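Novice: Can you read through this structure? Questions will come right after.
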Amino acid sequence: MSPDPLTRVIENERTLNALLRTVVNRQPLDEVLHACLDIILSVSWLAIQRKGGVFLVRDEDQVLELVSHINLNPELQALCARVPFGRCLCGRAAATGKLLYTNCVDHRHEIRFDGMAAHGHYSVPLVDDGKVLGVVVLYLPHGHAADDSEAAFVHAIADILALVVRQKTLEEKLEKTVLELERQAYFDPLTKLYNRRSFDERLAEQHEFARRSGAPLSCFMLDLDFFKKVNDTYGHPSGDQVLRAVGQHLNQAKRRYDIAARYGGEEFCVVLPDTDLGTAADVAERLRRQIEEAEFDMGDGTRISITVSIGVAVLGPGQSAEDLVKAADTALYRAKQAGRNRIEAAAPGP
């Protein structure tokens, strides 16, 4: 039995308000659309089955992608996972930008499977500023008569879904942009290690912790031996490839909680929290040997070997973070003076 007009108006307002409130939902877009679909399929006066789906447009190839659904069987999910514009009812609605109604499985219903029950559809495009963002498909009982009030309400629902999609898409793009800017602010774009600025911040944090707790704090500085020859012989792009590969080796050799950075040029620095000098030297030696045994591709089929020199230091009583790095740098200089491809440890600080 259809509700009286006032009851219908009240339910419509509640439904539209509930859909609008999903705009501030912090969940991913597909989960928000699932919540919206659940709200729509719960409207008591609509002659729709509790079955439907939401597609979003993938602009690069004008294809609808099924991102949320309720009560669609697995076979239909697979067949409708990606629907090109113009194909079947949803694809036709996307191509024309207009609501498509049918009360049966007619010739336009190109996607079918054995045992599919007779039904009708509202396939409604989600349109924002003239651009089709997706399609919501609602299932109707077979033979359901066209109803202008239903169509008008389904249009209103689609307008709100278009708003939800636009808003959530903008939010997700903004979040990705913010994350990318943060990544650029804190990480070296070539090696993906911390950059000098973020390294200094993390070092200061670890220094303060070590000062308060009395835990050891070690550091080693690493420099590529004769790196200028690599650039001069093979070019700077190949040199960048070597730096990138060394960064990968460093990530593999360091422990999970160690802090690694590209300190500048071909120089790298690693801070090792709660680590004494001997253990830090072991980590550094593992890295030195790993790089020595590796081959580096120059991009033209040529493969070369390189070595590194490393200076290791441990924080002494009363030393600053800068003192620790300076001690490791001094030890690195001694390693180079002593013939390179080796590790030198700094004398204990005062």
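Ordered as shown in the structure tokens, chains take letters A, B, and onward, while each chain numbers its residues from 1 and ligands are numbered from 1 in the order shown.
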Can you build me a table of stretch 194-273 of chain A residues sitting at most 12 Å from stretch 291-304 of chain A, with the closest atom pair per residue and its distance in Å to one decimal, using only C-alpha atoms, sorted by chain and residue number, as a Markdown table?
Specialist:
```
| residue | atom | partner | partner_atom | distance |
| --- | --- | --- | --- | --- |
| A:Leu222 | CA | A:Ile291 | CA | 11.4 |
| A:Asp223 | CA | A:Ile291 | CA | 11.7 |
| A:Leu224 | CA | A:Ile291 | CA | 9.9 |
| A:Asp225 | CA | A:Glu292 | CA | 10.7 |
| A:Phe227 | CA | A:Ile304 | CA | 11.8 |
| A:Lys229 | CA | A:Ile304 | CA | 11.7 |
| A:Val230 | CA | A:Ile304 | CA | 9.2 |
| A:Asn231 | CA | A:Met298 | CA | 10.4 |
| A:Thr233 | CA | A:Met298 | CA | 10.2 |
| A:Tyr234 | CA | A:Met298 | CA | 7.0 |
| A:Gly235 | CA | A:Met298 | CA | 9.0 |
| A:His236 | CA | A:Met298 | CA | 10.2 |
| A:Pro237 | CA | A:Met298 | CA | 8.5 |
| A:Ser238 | CA | A:Met298 | CA | 5.1 |
| A:Gly239 | CA | A:Met298 | CA | 7.9 |
| A:Asp240 | CA | A:Met298 | CA | 9.6 |
| A:Gln241 | CA | A:Met298 | CA | 7.2 |
| A:Val242 | CA | A:Phe296 | CA | 6.4 |
| A:Leu243 | CA | A:Phe296 | CA | 9.9 |
| A:Arg244 | CA | A:Phe296 | CA | 10.2 |
| A:Ala245 | CA | A:Phe296 | CA | 7.5 |
| A:Val246 | CA | A:Ile291 | CA | 7.2 |
| A:Gly247 | CA | A:Ile291 | CA | 10.3 |
| A:Gln248 | CA | A:Ile291 | CA | 10.2 |
| A:His249 | CA | A:Ile291 | CA | 7.0 |
| A:Leu250 | CA | A:Ile291 | CA | 8.8 |
| A:Asn251 | CA | A:Ile291 | CA | 11.9 |
| A:Gln252 | CA | A:Ile291 | CA | 10.9 |
| A:Ala253 | CA | A:Ile291 | CA | 9.9 |
```
Novice: Could you list, as an MDAnalysis selection string, every residue within 12 Å of A:Asp323, counting only C-alpha atoms and ignoring same-chain residues fewer than 4 positions away?
Specialist: chainID A and resid 203:204 207 217:219 313:319 327:330 346 348:350
Novice: Contacts of A:Cys90 at 9 Å or less, counting only C-alpha atoms, minus same-chain residues fewer than 3 places along, as a PDB file with all heavy atoms, in the first residue's frame?
Specialist:
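Below is the file out25.pdb, written as the result:
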```pdb
ATOM      1  N   PHE A  55      28.066   2.589 -10.626  1.00  0.00           N
ATOM      2  CA  PHE A  55      29.236   2.582 -11.499  1.00  0.00           C
ATOM      3  C   PHE A  55      29.869   3.969 -11.480  1.00  0.00           C
ATOM      4  O   PHE A  55      29.171   4.980 -11.377  1.00  0.00           O
ATOM      5  CB  PHE A  55      28.828   2.274 -12.945  1.00  0.00           C
ATOM      6  CG  PHE A  55      28.260   0.912 -13.174  1.00  0.00           C
ATOM      7  CD1 PHE A  55      26.912   0.657 -12.951  1.00  0.00           C
ATOM      8  CD2 PHE A  55      29.067  -0.118 -13.635  1.00  0.00           C
ATOM      9  CE1 PHE A  55      26.382  -0.598 -13.182  1.00  0.00           C
ATOM     10  CE2 PHE A  55      28.544  -1.378 -13.873  1.00  0.00           C
ATOM     11  CZ  PHE A  55      27.193  -1.622 -13.644  1.00  0.00           C
ATOM     12  N   LEU A  64      32.512   2.309 -17.673  1.00  0.00           N
ATOM     13  CA  LEU A  64      31.911   2.301 -16.350  1.00  0.00           C
ATOM     14  C   LEU A  64      32.515   1.158 -15.541  1.00  0.00           C
ATOM     15  O   LEU A  64      32.608   0.023 -16.030  1.00  0.00           O
ATOM     16  CB  LEU A  64      30.405   2.100 -16.447  1.00  0.00           C
ATOM     17  CG  LEU A  64      29.581   3.218 -17.083  1.00  0.00           C
ATOM     18  CD1 LEU A  64      28.141   2.757 -17.264  1.00  0.00           C
ATOM     19  CD2 LEU A  64      29.633   4.488 -16.246  1.00  0.00           C
ATOM     20  N   VAL A  83      31.910  -1.830 -17.959  1.00  0.00           N
ATOM     21  CA  VAL A  83      30.920  -1.722 -19.037  1.00  0.00           C
ATOM     22  C   VAL A  83      31.256  -0.509 -19.903  1.00  0.00           C
ATOM     23  O   VAL A  83      31.243   0.626 -19.420  1.00  0.00           O
ATOM     24  CB  VAL A  83      29.495  -1.581 -18.468  1.00  0.00           C
ATOM     25  CG1 VAL A  83      28.478  -1.441 -19.599  1.00  0.00           C
ATOM     26  CG2 VAL A  83      29.152  -2.769 -17.576  1.00  0.00           C
ATOM     27  N   PRO A  84      31.553  -0.694 -21.170  1.00  0.00           N
ATOM     28  CA  PRO A  84      31.865   0.447 -22.044  1.00  0.00           C
ATOM     29  C   PRO A  84      30.647   1.342 -22.251  1.00  0.00           C
ATOM     30  O   PRO A  84      29.503   0.888 -22.201  1.00  0.00           O
ATOM     31  CB  PRO A  84      32.278  -0.220 -23.364  1.00  0.00           C
ATOM     32  CG  PRO A  84      32.585  -1.632 -23.019  1.00  0.00           C
ATOM     33  CD  PRO A  84      31.704  -1.977 -21.866  1.00  0.00           C
ATOM     34  N   PHE A  85      30.890   2.614 -22.477  1.00  0.00           N
ATOM     35  CA  PHE A  85      29.812   3.532 -22.828  1.00  0.00           C
ATOM     36  C   PHE A  85      29.065   2.961 -24.047  1.00  0.00           C
ATOM     37  O   PHE A  85      29.685   2.509 -25.009  1.00  0.00           O
ATOM     38  CB  PHE A  85      30.366   4.905 -23.187  1.00  0.00           C
ATOM     39  CG  PHE A  85      30.575   5.807 -21.999  1.00  0.00           C
ATOM     40  CD1 PHE A  85      30.991   5.313 -20.779  1.00  0.00           C
ATOM     41  CD2 PHE A  85      30.353   7.173 -22.114  1.00  0.00           C
ATOM     42  CE1 PHE A  85      31.195   6.141 -19.694  1.00  0.00           C
ATOM     43  CE2 PHE A  85      30.550   8.017 -21.029  1.00  0.00           C
ATOM     44  CZ  PHE A  85      30.966   7.498 -19.818  1.00  0.00           C
ATOM     45  N   GLY A  86      27.728   3.011 -23.999  1.00  0.00           N
ATOM     46  CA  GLY A  86      26.915   2.566 -25.117  1.00  0.00           C
ATOM     47  C   GLY A  86      26.517   1.118 -25.055  1.00  0.00           C
ATOM     48  O   GLY A  86      25.652   0.695 -25.826  1.00  0.00           O
ATOM     49  N   ARG A  87      27.126   0.344 -24.146  1.00  0.00           N
ATOM     50  CA  ARG A  87      26.807  -1.084 -24.063  1.00  0.00           C
ATOM     51  C   ARG A  87      25.818  -1.321 -22.938  1.00  0.00           C
ATOM     52  O   ARG A  87      25.997  -0.844 -21.823  1.00  0.00           O
ATOM     53  CB  ARG A  87      28.067  -1.908 -23.855  1.00  0.00           C
ATOM     54  CG  ARG A  87      27.788  -3.402 -23.678  1.00  0.00           C
ATOM     55  CD  ARG A  87      29.073  -4.202 -23.694  1.00  0.00           C
ATOM     56  NE  ARG A  87      28.881  -5.585 -23.309  1.00  0.00           N
ATOM     57  CZ  ARG A  87      28.355  -6.520 -24.095  1.00  0.00           C
ATOM     58  NH1 ARG A  87      27.964  -6.208 -25.313  1.00  0.00           N
ATOM     59  NH2 ARG A  87      28.230  -7.758 -23.660  1.00  0.00           N
ATOM     60  N   ALA A  93      22.895   4.712 -20.785  1.00  0.00           N
ATOM     61  CA  ALA A  93      22.573   5.866 -19.944  1.00  0.00           C
ATOM     62  C   ALA A  93      23.787   6.783 -19.799  1.00  0.00           C
ATOM     63  O   ALA A  93      23.666   8.015 -19.826  1.00  0.00           O
ATOM     64  CB  ALA A  93      22.103   5.395 -18.565  1.00  0.00           C
ATOM     65  N   ALA A  94      24.977   6.181 -19.663  1.00  0.00           N
ATOM     66  CA  ALA A  94      26.200   6.989 -19.546  1.00  0.00           C
ATOM     67  C   ALA A  94      26.476   7.736 -20.845  1.00  0.00           C
ATOM     68  O   ALA A  94      26.889   8.899 -20.835  1.00  0.00           O
ATOM     69  CB  ALA A  94      27.380   6.096 -19.191  1.00  0.00           C
ATOM     70  N   ALA A  95      26.272   7.067 -21.978  1.00  0.00           N
ATOM     71  CA  ALA A  95      26.565   7.676 -23.278  1.00  0.00           C
ATOM     72  C   ALA A  95      25.626   8.833 -23.594  1.00  0.00           C
ATOM     73  O   ALA A  95      26.041   9.834 -24.188  1.00  0.00           O
ATOM     74  CB  ALA A  95      26.488   6.616 -24.378  1.00  0.00           C
ATOM     75  N   LEU A 100      17.449   6.085 -18.151  1.00  0.00           N
ATOM     76  CA  LEU A 100      16.940   5.040 -19.031  1.00  0.00           C
ATOM     77  C   LEU A 100      16.055   4.125 -18.195  1.00  0.00           C
ATOM     78  O   LEU A 100      16.503   3.549 -17.196  1.00  0.00           O
ATOM     79  CB  LEU A 100      18.093   4.279 -19.659  1.00  0.00           C
ATOM     80  CG  LEU A 100      17.769   3.390 -20.871  1.00  0.00           C
ATOM     81  CD1 LEU A 100      19.009   3.200 -21.713  1.00  0.00           C
ATOM     82  CD2 LEU A 100      17.212   2.040 -20.444  1.00  0.00           C
ATOM     83  N   TYR A 122      15.882   1.162 -13.577  1.00  0.00           N
ATOM     84  CA  TYR A 122      16.179   2.583 -13.704  1.00  0.00           C
ATOM     85  C   TYR A 122      17.707   2.663 -13.808  1.00  0.00           C
ATOM     86  O   TYR A 122      18.415   2.298 -12.868  1.00  0.00           O
ATOM     87  CB  TYR A 122      15.727   3.385 -12.493  1.00  0.00           C
ATOM     88  CG  TYR A 122      14.250   3.690 -12.428  1.00  0.00           C
ATOM     89  CD1 TYR A 122      13.497   3.318 -11.310  1.00  0.00           C
ATOM     90  CD2 TYR A 122      13.606   4.379 -13.456  1.00  0.00           C
ATOM     91  CE1 TYR A 122      12.141   3.609 -11.237  1.00  0.00           C
ATOM     92  CE2 TYR A 122      12.249   4.672 -13.390  1.00  0.00           C
ATOM     93  CZ  TYR A 122      11.523   4.286 -12.277  1.00  0.00           C
ATOM     94  OH  TYR A 122      10.176   4.568 -12.199  1.00  0.00           O
ATOM     95  N   SER A 123      18.228   3.106 -14.922  1.00  0.00           N
ATOM     96  CA  SER A 123      19.663   3.358 -15.063  1.00  0.00           C
ATOM     97  C   SER A 123      19.821   4.866 -15.171  1.00  0.00           C
ATOM     98  O   SER A 123      19.421   5.473 -16.169  1.00  0.00           O
ATOM     99  CB  SER A 123      20.215   2.664 -16.314  1.00  0.00           C
ATOM    100  OG  SER A 123      20.083   1.263 -16.200  1.00  0.00           O
ATOM    101  N   VAL A 124      20.383   5.461 -14.133  1.00  0.00           N
ATOM    102  CA  VAL A 124      20.362   6.920 -14.007  1.00  0.00           C
ATOM    103  C   VAL A 124      21.784   7.454 -13.995  1.00  0.00           C
ATOM    104  O   VAL A 124      22.575   7.103 -13.096  1.00  0.00           O
ATOM    105  CB  VAL A 124      19.637   7.363 -12.721  1.00  0.00           C
ATOM    106  CG1 VAL A 124      19.277   8.845 -12.800  1.00  0.00           C
ATOM    107  CG2 VAL A 124      18.418   6.520 -12.456  1.00  0.00           C
ATOM    108  N   PRO A 125      22.162   8.297 -14.951  1.00  0.00           N
ATOM    109  CA  PRO A 125      23.511   8.865 -14.947  1.00  0.00           C
ATOM    110  C   PRO A 125      23.698   9.858 -13.810  1.00  0.00           C
ATOM    111  O   PRO A 125      22.768  10.582 -13.441  1.00  0.00           O
ATOM    112  CB  PRO A 125      23.610   9.550 -16.314  1.00  0.00           C
ATOM    113  CG  PRO A 125      22.210   9.831 -16.705  1.00  0.00           C
ATOM    114  CD  PRO A 125      21.367   8.729 -16.112  1.00  0.00           C
ATOM    115  N   VAL A 135      26.913   5.999 -13.050  1.00  0.00           N
ATOM    116  CA  VAL A 135      25.526   5.571 -13.250  1.00  0.00           C
ATOM    117  C   VAL A 135      25.099   4.782 -12.019  1.00  0.00           C
ATOM    118  O   VAL A 135      25.866   3.951 -11.514  1.00  0.00           O
ATOM    119  CB  VAL A 135      25.383   4.683 -14.512  1.00  0.00           C
ATOM    120  CG1 VAL A 135      23.984   4.067 -14.586  1.00  0.00           C
ATOM    121  CG2 VAL A 135      25.673   5.495 -15.775  1.00  0.00           C
ATOM    122  N   VAL A 136      23.875   5.045 -11.540  1.00  0.00           N
ATOM    123  CA  VAL A 136      23.283   4.202 -10.505  1.00  0.00           C
ATOM    124  C   VAL A 136      22.197   3.370 -11.175  1.00  0.00           C
ATOM    125  O   VAL A 136      21.380   3.900 -11.944  1.00  0.00           O
ATOM    126  CB  VAL A 136      22.713   5.020  -9.330  1.00  0.00           C
ATOM    127  CG1 VAL A 136      21.680   6.046  -9.777  1.00  0.00           C
ATOM    128  CG2 VAL A 136      22.110   4.093  -8.272  1.00  0.00           C
ATOM    129  N   VAL A 137      22.208   2.070 -10.931  1.00  0.00           N
ATOM    130  CA  VAL A 137      21.209   1.183 -11.525  1.00  0.00           C
ATOM    131  C   VAL A 137      20.366   0.587 -10.405  1.00  0.00           C
ATOM    132  O   VAL A 137      20.888   0.067  -9.411  1.00  0.00           O
ATOM    133  CB  VAL A 137      21.873   0.075 -12.377  1.00  0.00           C
ATOM    134  CG1 VAL A 137      22.876  -0.739 -11.569  1.00  0.00           C
ATOM    135  CG2 VAL A 137      20.812  -0.832 -12.968  1.00  0.00           C
TER     136      VAL A 137
END
```
Novice: Would you pick out the contacts of A:Leu33 at 9 Å or less, using only C-alpha atoms, so that residues sharing its chain but fewer than 4 positions from it are not included, and give the list as a list in words?
Specialist: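 The filter keeps Thr22, Pro28, Leu29, Leu37, Asp38, Val54, Val67, Ser68, His69, Leu161, Val164 and Val165 of chain A.
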Novice: Env of stretch 258-264 of chain A: 7 Å cut, atoms = only C-alpha atoms, seq-sep filter 4 positions within chain, self excluded. Answer as a list in words.
Specialist: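 So, after excluding close chain neighbours, the residues are Asp188, Leu193, Tyr194, Asn195, Arg196, Phe199, Lys254, Phe268, Cys269, Val270, Val271, Leu272 and Pro273 of chain A.
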Novice: Kindly save the residues from that selection, with N, CA and C atoms included, as a JSON list (two decimals), in the first residue's frame.
Specialist:
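Saved as selection.json:
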```json
[["chain", "number", "residue", "atom", "x", "y", "z"],
["A", 188, "ASP", "N", 64.17, 12.48, -0.28],
["A", 188, "ASP", "CA", 64.95, 12.76, -1.47],
["A", 188, "ASP", "C", 64.28, 12.11, -2.67],
["A", 193, "LEU", "N", 65.11, 8.11, 0.15],
["A", 193, "LEU", "CA", 65.52, 8.18, 1.55],
["A", 193, "LEU", "C", 65.16, 9.56, 2.10],
["A", 194, "TYR", "N", 65.30, 9.73, 3.42],
["A", 194, "TYR", "CA", 65.07, 11.05, 3.99],
["A", 194, "TYR", "C", 66.01, 12.06, 3.34],
["A", 195, "ASN", "N", 65.54, 13.30, 3.20],
["A", 195, "ASN", "CA", 66.44, 14.37, 2.76],
["A", 195, "ASN", "C", 67.15, 14.97, 3.96],
["A", 196, "ARG", "N", 68.04, 15.93, 3.71],
["A", 196, "ARG", "CA", 68.88, 16.49, 4.78],
["A", 196, "ARG", "C", 68.03, 17.15, 5.86],
["A", 199, "PHE", "N", 66.16, 14.52, 7.91],
["A", 199, "PHE", "CA", 67.16, 13.76, 8.67],
["A", 199, "PHE", "C", 67.59, 14.52, 9.92],
["A", 254, "LYS", "N", 70.06, -1.65, 6.31],
["A", 254, "LYS", "CA", 69.76, -1.02, 7.61],
["A", 254, "LYS", "C", 68.65, -1.80, 8.31],
["A", 268, "PHE", "N", 75.84, 9.69, 2.11],
["A", 268, "PHE", "CA", 74.67, 9.21, 2.84],
["A", 268, "PHE", "C", 74.98, 9.16, 4.33],
["A", 269, "CYS", "N", 73.93, 9.26, 5.14],
["A", 269, "CYS", "CA", 74.12, 9.22, 6.58],
["A", 269, "CYS", "C", 73.03, 8.34, 7.20],
["A", 270, "VAL", "N", 73.42, 7.55, 8.18],
["A", 270, "VAL", "CA", 72.48, 6.67, 8.87],
["A", 270, "VAL", "C", 72.63, 6.85, 10.37],
["A", 271, "VAL", "N", 71.50, 7.06, 11.05],
["A", 271, "VAL", "CA", 71.48, 7.13, 12.51],
["A", 271, "VAL", "C", 70.92, 5.80, 13.02],
["A", 272, "LEU", "N", 71.59, 5.25, 14.03],
["A", 272, "LEU", "CA", 71.21, 3.94, 14.57],
["A", 272, "LEU", "C", 70.84, 4.10, 16.04],
["A", 273, "PRO", "N", 69.56, 4.22, 16.35],
["A", 273, "PRO", "CA", 69.13, 4.40, 17.74],
["A", 273, "PRO", "C", 69.43, 3.17, 18.59]]
```
Novice: Using only C-alpha atoms, which residues sit within 8 Å of stretch 71-73 of chain A once same-chain residues fewer than 4 positions away are excluded, as a ChimeraX atom specification?
Specialist: /A:50-53,77
